[in-house]
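Below is one structure; the comments refer to it alone.
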Amino acid sequence: MTSPPSTRPVTIAGLTIGGGAPLALIGGPCAIEDERHALMMAERLQRMTADARVPFIYKSSYDKANRSSVHAYRGPGLKEGLRILARVKEATGLPVLSDVHDVAEVEPAAEVLDVLQVPAFLCRQTDLLLACGRTRRPVNVKKGQFVAPRDMGNVVEKIRSTGNEAILLTERGTSFGYNNLVVDFRGLPIMRGFGYPVIFDATHSVQLPGGAGDRSGGERQYVQALARASVSVGVDALFMEIHEDPDRTLSDGPNMLRLDDLPRLLDEILAVASALGGASR
């Protein structure tokens, strides 16, 4: 069996993704609800991942700009959201990640965030990619649902043109008919072939975009299966949106992992990685 391509290490606030480092997790609620909830989730996730010895980056969005409906919850916005994420960093010491949607957001976001994330629908926006690259912060780019894995090489080159080599690429499913996504696992080794760490988003990959009319649906019952499959193929980290009560959350509940299900899933994916001879293969 051919081994998956190796990737260069990307260092994030003392944590390493890629380069043979242990499998890491990026996770948290889809959108920030309030400071109390963010701190509670960060602290509980920190305990769970520490118990499993899984390196962890806290993720939550200050703004979800791509919503199905104008009435959908987007988050607290740039200023308040960054304040809350700064509070999470201060209270827990965890690195934090959030989405940036516009060039004007990049500079203030980079003052707080340890990783700037470019959302899938914006993965080809040249000015946004260049602005993120110039911050010298690690940049995680979600592969667009409409983009072939090999085309992410152009995304890599855009960021590299700024002199920034701290690049992460995330698979989150590909458009497949109406209101549905499918994961082509060939994309993971294809993107790893660019030499940068690849992350698998196990929760957005089970999303049904716009499937509930004025909001997206999802099939969270398949999150664990896809997460295990991705580790067997070879990834450097997993990305999962997580909530203590996904049916109550304000954003993307149908595809989010229930917090209480995380410890068992971490045990399962670490067992898969161990059986294959390494945490990140």
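Letters for chains follow the order of the structure tokens (A, B, ...), residue numbers begin at 1 for each chain, and ligand numbers begin at 1 in the order shown.
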
**OP:** Can you list, as a ChimeraX atom specification, all residues belonging to range 70-119 of chain A that DSSP tags as helix (DSSP H, G or I)?
**Re:** /A:78-92,103-110

Go ahead and save the residues from that selection, with N, CA, C and O atoms, as a PDB file, in the first residue's frame.
ATOM      1  N   LEU A  78     -17.965  41.223  14.072  1.00  0.00           N
ATOM      2  CA  LEU A  78     -16.503  41.267  14.154  1.00  0.00           C
ATOM      3  C   LEU A  78     -15.997  41.750  15.509  1.00  0.00           C
ATOM      4  O   LEU A  78     -15.224  41.048  16.178  1.00  0.00           O
ATOM      5  N   LYS A  79     -16.408  42.913  15.946  1.00  0.00           N
ATOM      6  CA  LYS A  79     -15.841  43.518  17.155  1.00  0.00           C
ATOM      7  C   LYS A  79     -16.147  42.697  18.403  1.00  0.00           C
ATOM      8  O   LYS A  79     -15.237  42.334  19.172  1.00  0.00           O
ATOM      9  N   GLU A  80     -17.419  42.386  18.621  1.00  0.00           N
ATOM     10  CA  GLU A  80     -17.800  41.631  19.815  1.00  0.00           C
ATOM     11  C   GLU A  80     -17.296  40.195  19.735  1.00  0.00           C
ATOM     12  O   GLU A  80     -16.856  39.605  20.737  1.00  0.00           O
ATOM     13  N   GLY A  81     -17.344  39.595  18.541  1.00  0.00           N
ATOM     14  CA  GLY A  81     -16.866  38.226  18.389  1.00  0.00           C
ATOM     15  C   GLY A  81     -15.383  38.084  18.676  1.00  0.00           C
ATOM     16  O   GLY A  81     -14.953  37.145  19.351  1.00  0.00           O
ATOM     17  N   LEU A  82     -14.588  39.032  18.185  1.00  0.00           N
ATOM     18  CA  LEU A  82     -13.152  38.979  18.470  1.00  0.00           C
ATOM     19  C   LEU A  82     -12.874  39.222  19.953  1.00  0.00           C
ATOM     20  O   LEU A  82     -11.951  38.622  20.527  1.00  0.00           O
ATOM     21  N   ARG A  83     -13.667  40.067  20.589  1.00  0.00           N
ATOM     22  CA  ARG A  83     -13.502  40.269  22.029  1.00  0.00           C
ATOM     23  C   ARG A  83     -13.737  38.963  22.789  1.00  0.00           C
ATOM     24  O   ARG A  83     -12.976  38.604  23.693  1.00  0.00           O
ATOM     25  N   ILE A  84     -14.778  38.229  22.404  1.00  0.00           N
ATOM     26  CA  ILE A  84     -15.083  36.964  23.070  1.00  0.00           C
ATOM     27  C   ILE A  84     -13.988  35.935  22.809  1.00  0.00           C
ATOM     28  O   ILE A  84     -13.556  35.213  23.720  1.00  0.00           O
ATOM     29  N   LEU A  85     -13.502  35.856  21.582  1.00  0.00           N
ATOM     30  CA  LEU A  85     -12.435  34.897  21.277  1.00  0.00           C
ATOM     31  C   LEU A  85     -11.145  35.262  22.014  1.00  0.00           C
ATOM     32  O   LEU A  85     -10.405  34.378  22.457  1.00  0.00           O
ATOM     33  N   ALA A  86     -10.863  36.546  22.165  1.00  0.00           N
ATOM     34  CA  ALA A  86      -9.699  36.964  22.960  1.00  0.00           C
ATOM     35  C   ALA A  86      -9.870  36.539  24.407  1.00  0.00           C
ATOM     36  O   ALA A  86      -8.902  36.130  25.070  1.00  0.00           O
ATOM     37  N   ARG A  87     -11.104  36.620  24.915  1.00  0.00           N
ATOM     38  CA  ARG A  87     -11.377  36.177  26.282  1.00  0.00           C
ATOM     39  C   ARG A  87     -11.181  34.673  26.419  1.00  0.00           C
ATOM     40  O   ARG A  87     -10.653  34.192  27.427  1.00  0.00           O
ATOM     41  N   VAL A  88     -11.577  33.907  25.406  1.00  0.00           N
ATOM     42  CA  VAL A  88     -11.367  32.458  25.413  1.00  0.00           C
ATOM     43  C   VAL A  88      -9.869  32.146  25.483  1.00  0.00           C
ATOM     44  O   VAL A  88      -9.423  31.290  26.258  1.00  0.00           O
ATOM     45  N   LYS A  89      -9.087  32.840  24.662  1.00  0.00           N
ATOM     46  CA  LYS A  89      -7.627  32.637  24.682  1.00  0.00           C
ATOM     47  C   LYS A  89      -7.057  32.945  26.059  1.00  0.00           C
ATOM     48  O   LYS A  89      -6.228  32.191  26.593  1.00  0.00           O
ATOM     49  N   GLU A  90      -7.484  34.049  26.640  1.00  0.00           N
ATOM     50  CA  GLU A  90      -6.961  34.478  27.936  1.00  0.00           C
ATOM     51  C   GLU A  90      -7.315  33.473  29.028  1.00  0.00           C
ATOM     52  O   GLU A  90      -6.487  33.144  29.881  1.00  0.00           O
ATOM     53  N   ALA A  91      -8.551  32.964  28.996  1.00  0.00           N
ATOM     54  CA  ALA A  91      -9.027  32.080  30.061  1.00  0.00           C
ATOM     55  C   ALA A  91      -8.496  30.659  29.945  1.00  0.00           C
ATOM     56  O   ALA A  91      -8.289  29.981  30.952  1.00  0.00           O
ATOM     57  N   THR A  92      -8.273  30.186  28.713  1.00  0.00           N
ATOM     58  CA  THR A  92      -7.918  28.782  28.524  1.00  0.00           C
ATOM     59  C   THR A  92      -6.515  28.558  27.999  1.00  0.00           C
ATOM     60  O   THR A  92      -5.971  27.451  28.133  1.00  0.00           O
ATOM     61  N   VAL A 103     -11.583  41.611   2.981  1.00  0.00           N
ATOM     62  CA  VAL A 103     -10.228  42.115   3.213  1.00  0.00           C
ATOM     63  C   VAL A 103     -10.186  43.053   4.417  1.00  0.00           C
ATOM     64  O   VAL A 103      -9.238  43.036   5.200  1.00  0.00           O
ATOM     65  N   ALA A 104     -11.230  43.855   4.614  1.00  0.00           N
ATOM     66  CA  ALA A 104     -11.250  44.807   5.724  1.00  0.00           C
ATOM     67  C   ALA A 104     -11.252  44.123   7.089  1.00  0.00           C
ATOM     68  O   ALA A 104     -10.861  44.728   8.098  1.00  0.00           O
ATOM     69  N   GLU A 105     -11.682  42.866   7.148  1.00  0.00           N
ATOM     70  CA  GLU A 105     -11.715  42.141   8.422  1.00  0.00           C
ATOM     71  C   GLU A 105     -10.360  41.544   8.798  1.00  0.00           C
ATOM     72  O   GLU A 105     -10.123  41.229   9.967  1.00  0.00           O
ATOM     73  N   VAL A 106      -9.497  41.362   7.829  1.00  0.00           N
ATOM     74  CA  VAL A 106      -8.309  40.540   8.036  1.00  0.00           C
ATOM     75  C   VAL A 106      -7.372  41.121   9.083  1.00  0.00           C
ATOM     76  O   VAL A 106      -6.909  40.406   9.989  1.00  0.00           O
ATOM     77  N   GLU A 107      -7.061  42.411   8.993  1.00  0.00           N
ATOM     78  CA  GLU A 107      -6.097  43.004   9.933  1.00  0.00           C
ATOM     79  C   GLU A 107      -6.579  42.935  11.380  1.00  0.00           C
ATOM     80  O   GLU A 107      -5.839  42.458  12.246  1.00  0.00           O
ATOM     81  N   PRO A 108      -7.810  43.382  11.712  1.00  0.00           N
ATOM     82  CA  PRO A 108      -8.245  43.246  13.103  1.00  0.00           C
ATOM     83  C   PRO A 108      -8.376  41.794  13.556  1.00  0.00           C
ATOM     84  O   PRO A 108      -8.079  41.468  14.713  1.00  0.00           O
ATOM     85  N   ALA A 109      -8.798  40.922  12.655  1.00  0.00           N
ATOM     86  CA  ALA A 109      -8.915  39.515  13.020  1.00  0.00           C
ATOM     87  C   ALA A 109      -7.558  38.912  13.349  1.00  0.00           C
ATOM     88  O   ALA A 109      -7.416  38.128  14.295  1.00  0.00           O
ATOM     89  N   ALA A 110      -6.533  39.272  12.581  1.00  0.00           N
ATOM     90  CA  ALA A 110      -5.191  38.726  12.789  1.00  0.00           C
ATOM     91  C   ALA A 110      -4.586  39.162  14.121  1.00  0.00           C
ATOM     92  O   ALA A 110      -3.664  38.519  14.627  1.00  0.00           O
TER      93      ALA A 110
END

Original post:
So how far away is CA of Arg228 in chain A from CA of Glu268 in chain A, in Å?
Top reply: 7.2 Å

**OP:** Quick one: everything within 8 Å of range 238-240 of chain A, counting only C-alpha atoms, minus sequence neighbours fewer than 4 positions away in the same chain. Send it as a list in words.
**Re:** Leu23, Ala24, Leu25, Ile26, Gly27, Gly28, Ile199, Phe200, Asp201, Ala202, Thr203, His204, Ala227, Met256 and Leu257 of chain A

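Near Asn179 in chain A, within 8 Å and counting only C-alpha atoms, sit Ser175, Phe176, Gly177, Leu181, Leu208, Pro209, Gly210 and Gly211 of chain A, not including residues fewer than 2 positions from it in the same chain.
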
Original post:
Leaving out Gly253 in chain A and any residue of its chain fewer than 5 positions from it, which residues lie within 10 Å of it when counting only C-alpha atoms, given as a list in words?
Top reply: Pro29, Cys30, Thr203, Gln207, Ser216, Gly217, Gly218, Glu219, Arg220, Glu241, Ile242, His243, Asp245, Pro246, Asp247, Arg248 and Arg258 of chain A

Export of prior selection with C-alpha atoms as a JSON list (two decimals), in the first residue's frame:
[["chain", "number", "residue", "atom", "x", "y", "z"],
["A", 29, "PRO", "CA", -19.76, 25.83, 18.03],
["A", 30, "CYS", "CA", -20.57, 26.97, 14.50],
["A", 203, "THR", "CA", -19.52, 18.00, 10.11],
["A", 207, "GLN", "CA", -24.56, 19.19, 5.61],
["A", 216, "SER", "CA", -29.41, 24.04, 5.79],
["A", 217, "GLY", "CA", -30.22, 20.54, 6.89],
["A", 218, "GLY", "CA", -27.78, 17.83, 7.86],
["A", 219, "GLU", "CA", -27.23, 14.17, 8.66],
["A", 220, "ARG", "CA", -25.17, 14.21, 11.85],
["A", 241, "GLU", "CA", -18.43, 21.85, 14.78],
["A", 242, "ILE", "CA", -19.60, 20.76, 18.21],
["A", 243, "HIS", "CA", -22.39, 21.84, 20.57],
["A", 245, "ASP", "CA", -27.29, 20.53, 22.35],
["A", 246, "PRO", "CA", -27.23, 20.70, 18.54],
["A", 247, "ASP", "CA", -31.02, 20.77, 18.34],
["A", 248, "ARG", "CA", -31.01, 24.03, 20.32],
["A", 258, "ARG", "CA", -23.09, 16.44, 20.13]]

**OP:** Can you work out which one of A:Pro263, A:Pro138, A:Gly187, A:Pro22 has the shortest atom-to-atom distance to Asn164 in chain A, counting only C-alpha atoms?
**Re:** A:Pro138

Please report, as a CSV table (one decimal) with C-alpha atoms, in the first residue's frame, each residue of range 38-257 of chain A to which DSSP assigns strand (DSSP E) when run on this structure's backbone.
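Written file, out.csv:
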chain,number,residue,atom,x,y,z
A,56,PHE,CA,-6.8,21.2,20.1
A,57,ILE,CA,-7.7,24.5,18.4
A,58,TYR,CA,-11.0,26.2,19.4
A,59,LYS,CA,-13.2,27.3,16.5
A,96,VAL,CA,-8.5,30.2,18.3
A,97,LEU,CA,-9.7,30.1,14.7
A,98,SER,CA,-12.5,32.0,13.0
A,99,ASP,CA,-13.7,32.9,9.5
A,115,VAL,CA,-5.5,30.9,12.4
A,116,LEU,CA,-7.4,32.9,9.8
A,117,GLN,CA,-10.0,30.7,8.0
A,118,VAL,CA,-11.2,31.4,4.5
A,139,VAL,CA,-4.3,30.4,6.9
A,140,ASN,CA,-6.8,27.5,6.7
A,141,VAL,CA,-8.7,27.5,3.4
A,142,LYS,CA,-11.9,25.4,3.1
A,167,ILE,CA,-1.1,26.9,4.8
A,168,LEU,CA,-3.8,24.5,5.8
A,169,LEU,CA,-6.3,23.0,3.4
A,170,THR,CA,-9.7,21.6,4.4
A,171,GLU,CA,-12.0,19.2,2.6
A,174,THR,CA,-18.4,18.5,-3.0
A,175,SER,CA,-21.7,19.5,-4.5
A,181,LEU,CA,-22.8,16.9,-0.7
A,182,VAL,CA,-20.6,13.9,-1.3
A,198,VAL,CA,-4.9,18.6,5.0
A,199,ILE,CA,-7.8,18.7,7.4
A,200,PHE,CA,-11.1,16.9,7.1
A,201,ASP,CA,-14.3,18.7,8.1
A,207,GLN,CA,-24.6,19.2,5.6
A,208,LEU,CA,-27.5,19.4,3.3
A,217,GLY,CA,-30.2,20.5,6.9
A,218,GLY,CA,-27.8,17.8,7.9
A,237,ALA,CA,-6.3,17.1,11.6
A,238,LEU,CA,-10.0,16.9,11.9
A,239,PHE,CA,-12.5,19.8,11.9
A,240,MET,CA,-15.8,19.4,13.7
A,241,GLU,CA,-18.4,21.8,14.8
A,242,ILE,CA,-19.6,20.8,18.2
A,243,HIS,CA,-22.4,21.8,20.6
A,257,LEU,CA,-21.6,16.8,16.7

Subject >> Interatomic distance (Å, one decimal) between CA of Ala52 in chain A and CA of Leu262 in chain A >> reply: 10.1 Å

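Among A:Gly153, A:Gly277, A:Gly234, A:Gly193, the residue with the shortest atom-to-atom distance to Arg8 in chain A, counting only C-alpha atoms, is A:Gly193.
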
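When only C-alpha atoms are used to compute distances to Leu129 in chain A, the closest of the residues A:Thr11, A:Asn154, A:Thr49, A:Gln145 turns out to be A:Asn154.
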
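The shortest atom-to-atom distance to Val206 in chain A, with only C-alpha atoms taken into account, belongs to A:Leu226 out of A:Leu226, A:Ile159, A:Leu250, A:Leu39.
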